[in-house]
Structures are given as C-alpha cells and as structure tokens.
file entry.pdb (PDB, C-alpha atoms and all ligand atoms)
ATOM      1  CA  MET E  43       9.950 -23.670  25.248
ATOM      2  CA  ARG E  44      13.033 -25.264  23.804
ATOM      3  CA  PHE E  45      15.130 -28.275  24.530
ATOM      4  CA  ALA E  46      17.413 -26.316  26.837
ATOM      5  CA  LYS E  47      18.061 -26.827  30.522
ATOM      6  CA  LYS E  48      16.478 -23.604  31.653
ATOM      7  CA  ASP E  49      13.311 -24.161  29.633
ATOM      8  CA  ILE E  50      12.954 -27.779  30.675
ATOM      9  CA  GLY E  51      13.203 -26.662  34.288
ATOM     10  CA  GLN E  52      10.248 -24.418  33.647
ATOM     11  CA  TYR E  53       8.387 -26.964  31.544
ATOM     12  CA  LEU E  54       8.379 -29.938  33.910
ATOM     13  CA  PRO E  55       6.387 -28.439  36.785
ATOM     14  CA  GLU E  56       4.018 -26.676  34.366
ATOM     15  CA  LYS E  57       3.500 -29.447  31.814
ATOM     16  CA  GLU E  58      -0.241 -29.300  31.954
ATOM     17  CA  TYR E  59      -0.040 -25.888  30.245
ATOM     18  CA  ILE E  60       2.472 -26.744  27.544
ATOM     19  CA  ASP E  61       0.544 -29.214  25.447
ATOM     20  CA  THR E  62       1.789 -28.555  21.918
ATOM     21  CA  VAL E  63       4.960 -29.608  20.097
ATOM     22  CA  VAL E  64       6.380 -28.350  16.834
ATOM     23  CA  ILE E  65       8.921 -30.649  15.172
ATOM     24  CA  PRO E  66      10.883 -29.061  12.314
ATOM     25  CA  LEU E  67      11.506 -31.542   9.464
ATOM     26  CA  VAL E  68      14.764 -30.589   7.815
ATOM     27  CA  PRO E  69      16.265 -32.349   4.768
ATOM     28  CA  PHE E  70      19.993 -32.817   4.654
ATOM     29  CA  ASP E  71      22.101 -34.503   2.003
ATOM     30  CA  PRO E  72      25.836 -33.924   2.125
ATOM     31  CA  SER E  73      26.477 -35.978  -1.031
ATOM     32  CA  SER E  74      25.440 -33.254  -3.432
ATOM     33  CA  ASP E  75      26.893 -29.765  -3.688
ATOM     34  CA  LYS E  76      23.744 -28.488  -5.280
ATOM     35  CA  ASN E  77      21.431 -29.821  -2.587
ATOM     36  CA  MET E  78      23.633 -28.682   0.222
ATOM     37  CA  GLU E  79      23.276 -25.031  -0.587
ATOM     38  CA  LYS E  80      19.542 -25.196  -1.010
ATOM     39  CA  GLN E  81      19.057 -27.301   2.086
ATOM     40  CA  ALA E  82      21.230 -25.055   4.170
ATOM     41  CA  PHE E  83      19.011 -22.171   3.184
ATOM     42  CA  LEU E  84      15.855 -24.109   3.995
ATOM     43  CA  ARG E  85      17.259 -25.077   7.351
ATOM     44  CA  GLU E  86      17.896 -21.465   8.222
ATOM     45  CA  LEU E  87      14.495 -20.421   6.961
ATOM     46  CA  ASN E  88      12.894 -23.180   9.013
ATOM     47  CA  GLN E  89      14.732 -21.890  12.081
ATOM     48  CA  VAL E  90      13.612 -18.350  11.494
ATOM     49  CA  PHE E  91      10.007 -19.538  11.331
ATOM     50  CA  THR E  92      10.032 -21.815  14.297
ATOM     51  CA  ASN E  93      11.869 -19.170  16.337
ATOM     52  CA  VAL E  94       9.162 -16.629  15.632
ATOM     53  CA  ILE E  95       6.461 -19.088  16.629
ATOM     54  CA  GLU E  96       8.308 -20.305  19.700
ATOM     55  CA  LYS E  97       8.871 -16.769  20.882
ATOM     56  CA  GLU E  98       5.223 -15.742  20.651
ATOM     57  CA  TYR E  99       3.792 -18.946  22.120
ATOM     58  CA  ARG E 100       6.538 -20.270  24.352
ATOM     59  CA  GLY E 101       4.126 -20.755  27.238
ATOM     60  CA  ARG E 102       2.212 -23.384  25.317
ATOM     61  CA  ILE E 103       4.451 -24.638  22.492
ATOM     62  CA  PHE E 104       7.524 -26.783  22.890
ATOM     63  CA  LEU E 105       9.928 -26.513  19.970
ATOM     64  CA  SER E 106      11.477 -29.913  19.352
ATOM     65  CA  PRO E 107      15.071 -30.352  18.164
ATOM     66  CA  ASP E 108      15.184 -30.540  14.355
ATOM     67  CA  TYR E 109      14.403 -33.838  12.715
ATOM     68  CA  HIS E 110      17.014 -34.287   9.979
ATOM     69  CA  TYR E 111      16.669 -36.790   7.156
ATOM     70  CA  MET E 112      18.212 -37.607   3.788
ATOM     71  CA  SER E 113      16.240 -35.815   1.126
ATOM     72  CA  ASP E 114      14.728 -38.888  -0.498
ATOM     73  CA  GLY E 115      14.301 -41.069   2.517
ATOM     74  CA  GLN E 116      10.643 -40.416   3.332
ATOM     75  CA  ASP E 117       9.709 -44.076   2.951
ATOM     76  CA  GLU E 118      12.008 -45.198   5.719
ATOM     77  CA  GLU E 119      11.623 -42.103   7.833
ATOM     78  CA  VAL E 120       7.925 -42.274   8.581
ATOM     79  CA  GLU E 121       8.391 -44.964  11.183
ATOM     80  CA  ARG E 122      11.126 -43.090  12.982
ATOM     81  CA  ILE E 123       9.113 -39.876  12.962
ATOM     82  CA  ASN E 124       6.209 -41.715  14.489
ATOM     83  CA  GLN E 125       8.555 -42.930  17.194
ATOM     84  CA  TRP E 126       9.437 -39.345  18.029
ATOM     85  CA  ILE E 127       5.743 -38.573  18.133
ATOM     86  CA  HIS E 128       4.984 -41.487  20.441
ATOM     87  CA  HIS E 129       7.643 -40.371  22.849
ATOM     88  CA  PHE E 130       6.358 -36.826  22.864
ATOM     89  CA  ARG E 131       2.881 -38.132  23.533
ATOM     90  CA  GLU E 132       4.132 -39.785  26.670
ATOM     91  CA  GLN E 133       4.832 -36.425  28.287
ATOM     92  CA  PRO E 134       1.824 -36.093  27.488
ATOM     93  CA  PHE E 135       1.760 -33.590  24.656
ATOM     94  CA  LYS E 136      -1.625 -33.345  23.031
ATOM     95  CA  HIS E 137      -0.988 -31.520  19.763
ATOM     96  CA  ILE E 138       1.932 -32.508  17.600
ATOM     97  CA  PHE E 139       2.797 -30.518  14.499
ATOM     98  CA  LEU E 140       5.505 -31.221  11.968
ATOM     99  CA  PHE E 141       6.763 -28.164  10.178
ATOM    100  CA  THR E 142       8.407 -28.460   6.776
ATOM    101  CA  PHE E 143       9.022 -26.816   3.407
ATOM    102  CA  ASP E 144       9.547 -30.195   1.757
ATOM    103  CA  MET E 145       6.465 -31.114  -0.223
ATOM    104  CA  LYS E 146       7.499 -34.745  -0.510
ATOM    105  CA  TRP E 147       5.961 -35.230   2.928
ATOM    106  CA  LYS E 148       2.494 -34.434   1.649
ATOM    107  CA  LYS E 149       2.297 -37.923   0.178
ATOM    108  CA  TYR E 150       2.984 -39.478   3.568
ATOM    109  CA  GLU E 151       0.725 -37.224   5.518
ATOM    110  CA  LYS E 152      -1.809 -39.926   6.307
ATOM    111  CA  ASP E 153       0.877 -42.214   7.744
ATOM    112  CA  ILE E 154       2.301 -39.599  10.075
ATOM    113  CA  GLU E 155       0.656 -39.521  13.466
ATOM    114  CA  GLY E 156       0.910 -35.779  13.855
ATOM    115  CA  GLU E 157      -0.364 -32.805  11.882
ATOM    116  CA  LEU E 158       1.823 -31.886   8.954
ATOM    117  CA  ILE E 159       2.232 -28.194   8.270
ATOM    118  CA  TRP E 160       3.761 -27.870   4.865
ATOM    119  CA  VAL E 161       4.542 -24.375   3.707
ATOM    120  CA  PRO E 162       5.694 -23.767   0.145
ATOM    121  CA  GLY E 163       8.919 -22.040   1.128
ATOM    122  CA  LEU E 164      11.108 -19.712  -0.783
ATOM    123  CA  GLN E 165      13.524 -21.901  -2.665
ATOM    124  CA  THR E 166      16.386 -19.581  -2.150
ATOM    125  CA  GLY E 167      16.927 -15.990  -1.204
ATOM    126  CA  ASP E 168      18.370 -13.705   1.380
ATOM    127  CA  LEU E 169      17.167 -14.175   4.938
ATOM    128  CA  GLN E 170      17.892 -10.543   5.739
ATOM    129  CA  SER E 171      15.865  -9.105   2.877
ATOM    130  CA  THR E 172      12.650  -7.274   3.561
ATOM    131  CA  GLU E 173      10.836  -9.683   1.199
ATOM    132  CA  THR E 174      11.860 -12.662   3.278
ATOM    133  CA  GLN E 175      10.964 -10.888   6.493
ATOM    134  CA  ALA E 176       7.534 -10.008   5.165
ATOM    135  CA  PHE E 177       7.051 -13.577   3.966
ATOM    136  CA  VAL E 178       8.018 -15.015   7.335
ATOM    137  CA  LYS E 179       5.830 -12.594   9.273
ATOM    138  CA  GLU E 180       2.769 -13.244   7.176
ATOM    139  CA  GLN E 181       3.223 -16.996   7.093
ATOM    140  CA  ALA E 182       4.073 -17.296  10.763
ATOM    141  CA  LYS E 183       0.844 -15.520  11.539
ATOM    142  CA  GLU E 184      -1.135 -17.950   9.410
ATOM    143  CA  ILE E 185       0.556 -20.925  10.963
ATOM    144  CA  SER E 186       0.008 -19.780  14.504
ATOM    145  CA  GLU E 187      -3.652 -19.208  13.725
ATOM    146  CA  LEU E 188      -3.809 -22.732  12.401
ATOM    147  CA  ILE E 189      -2.189 -24.100  15.553
ATOM    148  CA  GLN E 190      -4.533 -22.079  17.726
ATOM    149  CA  SER E 191      -7.521 -23.570  15.941
ATOM    150  CA  TYR E 192      -6.566 -26.898  17.508
ATOM    151  CA  TRP E 193      -6.463 -25.491  21.048
TER     152      TRP E 193
ATOM    153  CA  MET L   1     -10.400 -38.746  17.875
ATOM    154  CA  SER L   2     -12.828 -39.994  15.255
ATOM    155  CA  ASP L   3     -11.703 -40.525  11.696
ATOM    156  CA  LYS L   4     -14.187 -38.067  10.439
ATOM    157  CA  LYS L   5     -12.748 -35.360  12.561
ATOM    158  CA  ARG L   6      -9.279 -36.122  11.322
ATOM    159  CA  VAL L   7     -10.359 -35.705   7.754
ATOM    160  CA  SER L   8     -12.010 -32.423   8.388
ATOM    161  CA  ARG L   9      -8.946 -31.098  10.141
ATOM    162  CA  ARG L  10      -6.837 -32.200   7.289
ATOM    163  CA  GLN L  11      -9.129 -30.506   4.854
ATOM    164  CA  PHE L  12      -8.885 -27.397   6.903
ATOM    165  CA  LEU L  13      -5.140 -27.629   6.666
ATOM    166  CA  ASN L  14      -5.326 -28.103   2.935
ATOM    167  CA  TYR L  15      -7.558 -25.103   2.493
ATOM    168  CA  THR L  16      -5.262 -23.030   4.601
ATOM    169  CA  LEU L  17      -2.231 -24.064   2.672
ATOM    170  CA  THR L  18      -3.848 -23.495  -0.676
ATOM    171  CA  GLY L  19      -4.480 -19.976   0.445
ATOM    172  CA  VAL L  20      -0.911 -19.620   1.485
ATOM    173  CA  GLY L  21       0.363 -19.234  -2.074
ATOM    174  CA  GLY L  22      -1.701 -16.138  -2.551
ATOM    175  CA  PHE L  23      -0.604 -14.657   0.696
ATOM    176  CA  MET L  24       2.909 -15.357  -0.300
ATOM    177  CA  ALA L  25       2.618 -13.302  -3.451
ATOM    178  CA  ALA L  26       0.939 -10.490  -1.552
ATOM    179  CA  GLY L  27       3.619 -10.671   1.092
ATOM    180  CA  MET L  28       6.363 -10.236  -1.441
ATOM    181  CA  LEU L  29       4.802  -7.210  -3.038
ATOM    182  CA  ALA L  30       4.073  -5.359   0.137
ATOM    183  CA  PRO L  31       7.406  -4.143   1.385
ATOM    184  CA  MET L  32       7.775  -3.743   5.097
ATOM    185  CA  VAL L  33       7.458  -0.059   5.051
ATOM    186  CA  ARG L  34       8.683   0.472   8.564
ATOM    187  CA  PHE L  35      11.842  -1.499   7.940
ATOM    188  CA  ALA L  36      12.488   0.095   4.625
ATOM    189  CA  ILE L  37      12.071   3.767   5.320
ATOM    190  CA  ASP L  38      11.730   4.397   8.979
ATOM    191  CA  PRO L  39      14.943   5.669  10.546
ATOM    192  CA  VAL L  40      13.230   5.414  13.920
ATOM    193  CA  LEU L  41      13.977   1.725  14.036
ATOM    194  CA  LYS L  42      17.687   2.233  13.846
ATOM    195  CA  THR L  43      19.200   1.732  17.235
ATOM    196  CA  GLN L  44      20.676   4.886  18.663
ATOM    197  CA  GLU L  45      22.999   5.210  21.552
ATOM    198  CA  GLY L  46      21.400   6.755  24.603
ATOM    199  CA  GLY L  47      22.842   4.950  27.581
ATOM    200  CA  ASP L  48      20.951   1.682  27.640
ATOM    201  CA  MET L  49      17.883   3.400  26.324
ATOM    202  CA  VAL L  50      16.910   2.684  22.764
ATOM    203  CA  SER L  51      14.860   4.933  20.527
ATOM    204  CA  VAL L  52      11.777   3.019  19.426
ATOM    205  CA  ALA L  53       9.197   5.494  18.187
ATOM    206  CA  SER L  54       8.452   9.104  17.523
ATOM    207  CA  VAL L  55       6.208  10.512  20.263
ATOM    208  CA  ASP L  56       3.613  11.781  17.834
ATOM    209  CA  GLU L  57       2.904   8.211  16.769
ATOM    210  CA  ILE L  58       1.698   7.413  20.271
ATOM    211  CA  THR L  59      -2.054   7.457  20.792
ATOM    212  CA  ASN L  60      -4.501   6.450  23.515
ATOM    213  CA  GLU L  61      -4.788   3.060  21.894
ATOM    214  CA  PRO L  62      -1.932   0.672  22.713
ATOM    215  CA  GLN L  63       0.268   0.039  19.685
ATOM    216  CA  ARG L  64       2.950  -2.523  19.226
ATOM    217  CA  PHE L  65       6.486  -1.241  18.605
ATOM    218  CA  GLU L  66       9.446  -3.442  17.835
ATOM    219  CA  TRP L  67      13.180  -2.917  17.944
ATOM    220  CA  THR L  68      16.286  -5.040  18.228
ATOM    221  CA  ILE L  69      19.132  -5.070  20.694
ATOM    222  CA  ASP L  70      22.414  -6.969  20.778
ATOM    223  CA  GLN L  71      22.455  -9.454  23.558
ATOM    224  CA  VAL L  72      25.693 -11.015  24.664
ATOM    225  CA  ASP L  73      26.016 -13.954  27.004
ATOM    226  CA  ALA L  74      29.019 -16.130  27.755
ATOM    227  CA  TRP L  75      28.834 -17.957  24.417
ATOM    228  CA  TYR L  76      26.758 -16.128  21.923
ATOM    229  CA  GLU L  77      26.169 -12.677  20.699
ATOM    230  CA  SER L  78      22.732 -12.424  19.211
ATOM    231  CA  GLU L  79      20.266  -9.903  17.929
ATOM    232  CA  VAL L  80      17.142 -10.053  20.017
ATOM    233  CA  GLN L  81      13.886  -8.550  18.983
ATOM    234  CA  LYS L  82      12.082  -6.585  21.675
ATOM    235  CA  THR L  83       8.492  -5.489  21.685
ATOM    236  CA  ALA L  84       6.438  -3.027  23.702
ATOM    237  CA  TRP L  85       2.796  -2.000  23.866
ATOM    238  CA  VAL L  86       2.828   1.784  24.040
ATOM    239  CA  TYR L  87       0.024   4.300  24.646
ATOM    240  CA  ARG L  88      -0.900   7.493  26.486
ATOM    241  CA  ASN L  89      -3.063   7.048  29.550
ATOM    242  CA  ASP L  90      -5.832   9.416  30.664
ATOM    243  CA  SER L  91      -3.328  11.669  32.429
ATOM    244  CA  ASP L  92      -1.429  11.960  29.142
ATOM    245  CA  GLU L  93       1.514   9.940  30.458
ATOM    246  CA  ILE L  94       3.263   7.518  28.149
ATOM    247  CA  ILE L  95       3.000   3.903  29.263
ATOM    248  CA  ALA L  96       5.170   1.196  27.695
ATOM    249  CA  LEU L  97       4.356  -2.348  28.703
ATOM    250  CA  SER L  98       6.258  -5.548  28.058
ATOM    251  CA  PRO L  99       4.118  -7.976  26.049
ATOM    252  CA  ILE L 100       5.522 -11.028  27.813
ATOM    253  CA  CYS L 101       2.776 -12.812  29.718
ATOM    254  CA  THR L 102       3.773 -13.274  33.361
ATOM    255  CA  HIS L 103       2.239 -16.741  33.358
ATOM    256  CA  LEU L 104       4.537 -18.717  31.059
ATOM    257  CA  GLY L 105       5.883 -16.149  28.652
ATOM    258  CA  CYS L 106       3.644 -16.022  25.583
ATOM    259  CA  THR L 107       3.196 -12.691  23.827
ATOM    260  CA  VAL L 108      -0.005 -10.867  24.712
ATOM    261  CA  ASP L 109      -2.105  -8.911  22.264
ATOM    262  CA  TRP L 110      -4.199  -5.805  22.796
ATOM    263  CA  ALA L 111      -7.948  -6.279  22.313
ATOM    264  CA  SER L 112      -7.540  -9.523  20.401
ATOM    265  CA  ASN L 113     -10.413 -11.214  22.231
ATOM    266  CA  GLU L 114     -13.782  -9.876  21.197
ATOM    267  CA  GLU L 115     -15.253 -10.385  24.625
ATOM    268  CA  TYR L 116     -12.630  -8.181  26.234
ATOM    269  CA  PRO L 117     -12.008  -5.319  23.813
ATOM    270  CA  ASN L 118     -10.273  -3.207  26.474
ATOM    271  CA  GLN L 119      -7.820  -5.714  27.776
ATOM    272  CA  PHE L 120      -4.576  -7.397  26.858
ATOM    273  CA  PHE L 121      -5.222 -11.014  26.022
ATOM    274  CA  CYS L 122      -2.851 -13.965  26.076
ATOM    275  CA  PRO L 123      -3.673 -16.552  23.398
ATOM    276  CA  CYS L 124      -1.983 -19.392  25.254
ATOM    277  CA  HIS L 125      -4.226 -19.868  28.288
ATOM    278  CA  ALA L 126      -6.581 -16.906  28.055
ATOM    279  CA  GLY L 127      -4.651 -14.775  30.540
ATOM    280  CA  ARG L 128      -5.917 -11.189  30.703
ATOM    281  CA  TYR L 129      -4.645  -7.791  31.830
ATOM    282  CA  THR L 130      -6.387  -4.460  32.099
ATOM    283  CA  LYS L 131      -5.086  -1.554  30.039
ATOM    284  CA  ASP L 132      -2.607  -0.528  32.756
ATOM    285  CA  GLY L 133      -1.133  -4.026  32.511
ATOM    286  CA  VAL L 134      -2.533  -5.343  35.777
ATOM    287  CA  ASN L 135      -3.462  -9.013  35.636
ATOM    288  CA  VAL L 136      -7.125  -9.878  35.898
ATOM    289  CA  PRO L 137      -7.785 -12.141  38.908
ATOM    290  CA  ASN L 138      -8.833 -15.707  38.142
ATOM    291  CA  THR L 139      -6.891 -15.824  34.898
ATOM    292  CA  PRO L 140      -3.544 -17.689  34.909
ATOM    293  CA  PRO L 141      -1.092 -14.750  35.235
ATOM    294  CA  THR L 142      -0.211 -13.839  38.798
ATOM    295  CA  ALA L 143       1.609 -10.562  38.199
ATOM    296  CA  PRO L 144       1.102  -7.455  36.051
ATOM    297  CA  LEU L 145       2.963  -6.958  32.769
ATOM    298  CA  PRO L 146       6.378  -5.399  33.392
ATOM    299  CA  VAL L 147       6.753  -1.698  32.571
ATOM    300  CA  TYR L 148       9.591  -0.346  30.452
ATOM    301  CA  GLN L 149      11.599   2.531  31.799
ATOM    302  CA  HIS L 150      11.112   5.348  29.355
ATOM    303  CA  GLU L 151      12.392   8.739  28.434
ATOM    304  CA  VAL L 152      11.436  11.305  25.820
ATOM    305  CA  ARG L 153      14.195  13.183  24.044
ATOM    306  CA  ASP L 154      13.943  15.300  20.892
ATOM    307  CA  GLY L 155      10.487  14.031  20.157
ATOM    308  CA  MET L 156      11.583  10.416  20.344
ATOM    309  CA  LEU L 157      10.566   7.752  22.831
ATOM    310  CA  TYR L 158      13.458   5.832  24.360
ATOM    311  CA  LEU L 159      12.878   2.594  26.229
ATOM    312  CA  GLY L 160      15.181   0.882  28.687
ATOM    313  CA  ASP L 161      14.722  -2.207  30.825
ATOM    314  CA  ALA L 162      11.361  -3.777  31.584
ATOM    315  CA  ILE L 163      10.732  -3.703  35.328
ATOM    316  CA  SER L 164       8.628  -6.434  36.950
ATOM    317  CA  ARG L 165       5.765  -5.485  39.234
ATOM    318  CA  GLU L 166       4.165  -7.188  42.203
ATOM    319  CA  GLY L 167       1.103  -9.345  41.648
ATOM    320  CA  ALA L 168      -2.480  -8.148  41.967
TER     321      ALA L 168
HETATM  322  S1  LIG E 201       1.279 -17.875  29.063
HETATM  323 FE1  LIG E 201      -0.174 -16.285  29.085
HETATM  324  S2  LIG E 201      -1.847 -17.195  30.060
HETATM  325 FE2  LIG E 201      -0.392 -18.768  30.106
END
call {"tool": "encode", "arguments": {"input": "entry.pdb", "output": "structure tokens", "more": "lines below"}}
Ligand code: FES
result
Amino acid sequence: MRFAKKDIGQYLPEKEYIDTVVIPLVPFDPSSDKNMEKQAFLRELNQVFTNVIEKEYRGRIFLSPDYHYMSDGQDEEVERINQWIHHFREQPFKHIFLFTFDMKWKKYEKDIEGELIWVPGLQTGDLQSTETQAFVKEQAKEISELIQSYW
Amino acid sequence: MSDKKRVSRRQFLNYTLTGVGGFMAAGMLAPMVRFAIDPVLKTQEGGDMVSVASVDEITNEPQRFEWTIDQVDAWYESEVQKTAWVYRNDSDEIIALSPICTHLGCTVDWASNEEYPNQFFCPCHAGRYTKDGVNVPNTPPTAPLPVYQHEVRDGMLYLGDAISREGA
C-alpha cells in the first residue's frame, strides 16, 4: 500500500493485515553539484527497490513517503525519524523498516527504533541497464526474505 | 521485545548484509538472459493482446512470465510490469492466471510453501489456491485468481485482460 487515497481507503478497514512499514531514507543536499547528481541517482534507485517490494507485498507492507535529510545531518535526524516511527506505531504497525543506501546510518542503528536495512547500493549507473535490473531483482528478493523472517 | 532478541535480529541483519556484497557481484556478472536476447518479451501489437511467451516453453508446471504494458491515466503514462502464471492443464489447455492475491493484492508464488507443493501460496497471510487458481476455503482469499484471456498465434502465447472469477 502507498500513501494514496485509494490505498488508504483499502488500508483502514483492513489494518490488522497490513502490519509492516518500509520508510525510504533518502539523502538530499542541494548545495553541492556533485552530491546532487549522485543523490538523485540514489533516490531513483531507492524508488525502484521500494516499488518492487511494495508491488509484491502490497497486502501486508505499507510504503511510507520518503524521508529526506541533508546528507550529513544524521545526528539531528535520529530524533525526527523516531517520531515518524512512533506515529506509525500508533496505527498500530508492528514491523518498521528503514531502507537506505547511505551507510552513515549504520552508526546510528542502535538509536533508531526500527530495523535498518542498509544495502550497499550502486554508486552510479544506468537504471535501465540489465546490470542494474539484475542487481535490483536479486537484492529485492533478499530484502523481502529478510522482512518475511520478521513475520 | 527482549534486548537479547533485538541483538540477535540485528546480527541476522548484519550477516545478511555481509552476504549481500557477494550477491551483488554475482548479480552483475549474470546478465538477465531473457531481457538481453529474448525477442519474445518485446511487446507486439495484437489488439490488446500482448505476446508473452513461445508456446513450446509452456509445461504442466506453472511458470512465471513477465511483460510490460504502457498504462495511461489522466495524469501519468507509465510502464507497468505484468505477470502471469502459465501452464498446461490435464486436458492440454493453456491456463494463464493472474498472480495477484484476491485478498489484499500480494503476489502469489507457485509451490513456495513446502507443506503445499501443489498450490499457489501467498506469503502475506498464507492465502492458498489450488492449481486451477481456486481459493482454498479457510484461507484469507475469498475469490479465485483471475484468469487472463489468451490466444495462440504463430506459436506465440498472447495474453489480454485478467478476468475476475466468483468466489469458492
Ligand atoms: S494478500 Fe494474499 S493472503 Fe492476504
């Protein structure tokens, strides 16, 4: 399910079945030309991933809107992320995953009140290429198996 | 949740992610053969029917075939990936089932649950369907898997819309 009117209409009466949230963590820093290009790619790659997972498991996984943050702001962001998590828990969602390619989060993993899924992403590339597609397919499979191990 | 449990989950995650690097390398080397060389996947015009497989690929065991269509709504035009489980039944007829679980829309898998090797299984809430796509009573789905309209032309299987069926 997504944060869209049609999906929410389906979610609300069936909430007991949709107990898992995936929050994409997406870095964004418009002050640097160099970062912007890389981050734009990572954002798209993140979308491709979460779309694949949402599509296969939409009856149980709710895909949260992206959580954007300045690339080096982890210190200040943890609290706000936890706020998102608390609010999701009120639904109540039981399993909360944060999906990112940004390894800086690893250091904060213990402070985050959800499960961090960090995937060493491609740093750059072509989303249409067969390499990227194979990478996404393989990884998405691993990740969904990981999520299922919590169910 | 006890602290101990948290740690072990985290370890599990770490193990998984350490493995990921290796998979990544393997993933890069193995080209997606179907995408690279198989002309079958190219969309061909045939009314609304799309060519998805060559008939001699179809066996008695359900196989998953994928193709893409352009979907246009009021605001977006997007490429949507479609999937079907295709096999020949005992009367040698081709059956193409939609993989979308009629409960809440997860994608079902053929024979993915060891206890039910001859059924479609939904990983989300353990919904099940027999091989003909009919939902198994007392599992969450309340209707059978929709069936794709199909057509065989020049040795190719063409699929159209998925048609919903009444509940069992
Ligand atoms: S979505 Fe398939 S059993 Fe619930």
call {"tool": "atom_distance", "arguments": {"input": "entry.pdb", "atom1": "atom CA of L:Gln71", "atom2": "atom CA of L:Glu151"}}
result
21.4 Å
call {"tool": "resolve_selection", "arguments": {"input": "entry.pdb", "expression": "the PyMOL selection byres (((not hetatm)) within 6 of (chain E and resi 201))", "output": "number ranges by chain"}}
result
E: 101; L: 101, 103-106, 122, 124-127, 140-141
call {"tool": "residues_around", "arguments": {"input": "entry.pdb", "residues": "stretch 145-149 of chain L", "least_positions_apart": "4", "cutoff": "7 Å", "atoms": "all atoms listed in the file", "output": "list of chain:residue names"}}
result
L:Ala96, L:Leu97, L:Ser98, L:Pro99, L:Ile100, L:Cys101, L:Thr102, L:Gly133, L:Val134, L:Leu159, L:Gly160, L:Asp161, L:Ala162, L:Ile163, L:Ser164, L:Arg165
call {"tool": "interface_residues", "arguments": {"input": "entry.pdb", "of": "chain E", "to": "chain L", "cutoff": "9 Å", "atoms": "all atoms listed in the file", "output": "number ranges by chain"}}
result
E: 52, 56, 59-60, 96-103, 157-162, 172-181, 184-185, 188, 190, 192-193
call {"tool": "atom_distance", "arguments": {"input": "entry.pdb", "atom1": "atom CA of L:Lys82", "atom2": "atom CA of E:Tyr53"}}
result
22.9 Å
call {"tool": "residues_around", "arguments": {"input": "entry.pdb", "residues": "stretch 151-154 of chain E", "least_positions_apart": "3", "cutoff": "8 Å", "atoms": "all atoms listed in the file", "output": "PyMOL selection string"}}
result
chain E and resi 120+123-124+147-148+157-158
call {"tool": "axis_aligned_box", "arguments": {"input": "entry.pdb", "around": "stretch 131-137 of chain L", "padding_each_side": "4 Å", "output": "lines of an AutoDock Vina configuration file"}}
result
center_x = -4.5
center_y = -6.3
center_z = 34.5
size_x = 14.7
size_y = 19.6
size_z = 16.9
call {"tool": "atom_distance", "arguments": {"input": "entry.pdb", "atom1": "atom CA of L:Gly155", "atom2": "atom CA of L:Asp132"}}
result
23.3 Å
call {"tool": "closest_residue", "arguments": {"input": "entry.pdb", "among": "L:Ile94, L:Val80, L:Val72, L:Val136", "to": "L:Leu157", "atoms": "only C-alpha atoms"}}
result
L:Ile94
call {"tool": "resolve_selection", "arguments": {"input": "entry.pdb", "expression": "the PyMOL selection byres (((chain E and resi 88) around 9) and not hetatm)", "output": "list in words"}}
result
Pro66, Leu67, Val68, Phe83, Leu84, Arg85, Glu86, Leu87, Gln89, Val90, Phe91, Thr92, Asn93, Phe141, Thr142, Phe143 and Gly163 of chain E
call {"tool": "resolve_selection", "arguments": {"input": "entry.pdb", "expression": "the PyMOL selection byres (((chain L and resi 89) around 10) and not hetatm)", "output": "CSV table (one decimal) with C-alpha atoms, keeping the file's coordinate frame"}}
result
chain,number,residue,atom,x,y,z
L,59,THR,CA,-2.1,7.5,20.8
L,60,ASN,CA,-4.5,6.4,23.5
L,61,GLU,CA,-4.8,3.1,21.9
L,62,PRO,CA,-1.9,0.7,22.7
L,86,VAL,CA,2.8,1.8,24.0
L,87,TYR,CA,0.0,4.3,24.6
L,88,ARG,CA,-0.9,7.5,26.5
L,90,ASP,CA,-5.8,9.4,30.7
L,91,SER,CA,-3.3,11.7,32.4
L,92,ASP,CA,-1.4,12.0,29.1
L,93,GLU,CA,1.5,9.9,30.5
L,94,ILE,CA,3.3,7.5,28.1
L,95,ILE,CA,3.0,3.9,29.3
L,131,LYS,CA,-5.1,-1.6,30.0
L,132,ASP,CA,-2.6,-0.5,32.8
call {"tool": "closest_residue", "arguments": {"input": "entry.pdb", "among": "L:Tyr129, L:Phe120, L:Tyr158, L:Trp85", "to": "L:Ala53", "atoms": "all atoms listed in the file"}}
result
L:Tyr158
call {"tool": "residues_around", "arguments": {"input": "entry.pdb", "residues": "E:Pro107", "least_positions_apart": "3", "cutoff": "8 Å", "atoms": "all atoms listed in the file", "output": "PyMOL selection string"}}
result
chain E and resi 44-45+65-66
call {"tool": "write_last_selection", "arguments": {"input": "entry.pdb", "atoms": "C-alpha atoms", "output": "PDB file, in the frame of the given file"}}
result
ATOM      1  CA  ARG E  44      13.033 -25.264  23.804  1.00  0.00           C
ATOM      2  CA  PHE E  45      15.130 -28.275  24.530  1.00  0.00           C
ATOM      3  CA  ILE E  65       8.921 -30.649  15.172  1.00  0.00           C
ATOM      4  CA  PRO E  66      10.883 -29.061  12.314  1.00  0.00           C
TER       5      PRO E  66
END
call {"tool": "build_atoms", "arguments": {"input": "entry.pdb", "residues": "stretch 80-87 of chain E", "atoms": "N, CA, C and O atoms", "output": "CSV table (one decimal), keeping the file's coordinate frame"}}
result
chain,number,residue,atom,x,y,z
E,80,LYS,N,21.0,-25.4,-1.1
E,80,LYS,CA,19.5,-25.2,-1.0
E,80,LYS,C,19.0,-25.6,0.4
E,80,LYS,O,18.2,-25.0,1.0
E,81,GLN,N,19.5,-26.8,0.8
E,81,GLN,CA,19.1,-27.3,2.1
E,81,GLN,C,19.5,-26.5,3.3
E,81,GLN,O,18.8,-26.3,4.2
E,82,ALA,N,20.7,-25.9,3.1
E,82,ALA,CA,21.2,-25.1,4.2
E,82,ALA,C,20.3,-23.8,4.3
E,82,ALA,O,20.0,-23.4,5.4
E,83,PHE,N,19.9,-23.3,3.1
E,83,PHE,CA,19.0,-22.2,3.2
E,83,PHE,C,17.7,-22.5,3.8
E,83,PHE,O,17.2,-21.8,4.7
E,84,LEU,N,17.1,-23.7,3.4
E,84,LEU,CA,15.9,-24.1,4.0
E,84,LEU,C,16.0,-24.4,5.5
E,84,LEU,O,15.0,-24.1,6.3
E,85,ARG,N,17.1,-24.8,5.9
E,85,ARG,CA,17.3,-25.1,7.4
E,85,ARG,C,17.2,-23.8,8.1
E,85,ARG,O,16.5,-23.6,9.1
E,86,GLU,N,17.9,-22.8,7.6
E,86,GLU,CA,17.9,-21.5,8.2
E,86,GLU,C,16.5,-20.9,8.2
E,86,GLU,O,16.1,-20.3,9.2
E,87,LEU,N,15.8,-21.0,7.1
E,87,LEU,CA,14.5,-20.4,7.0
E,87,LEU,C,13.6,-21.1,8.0
E,87,LEU,O,12.7,-20.5,8.6
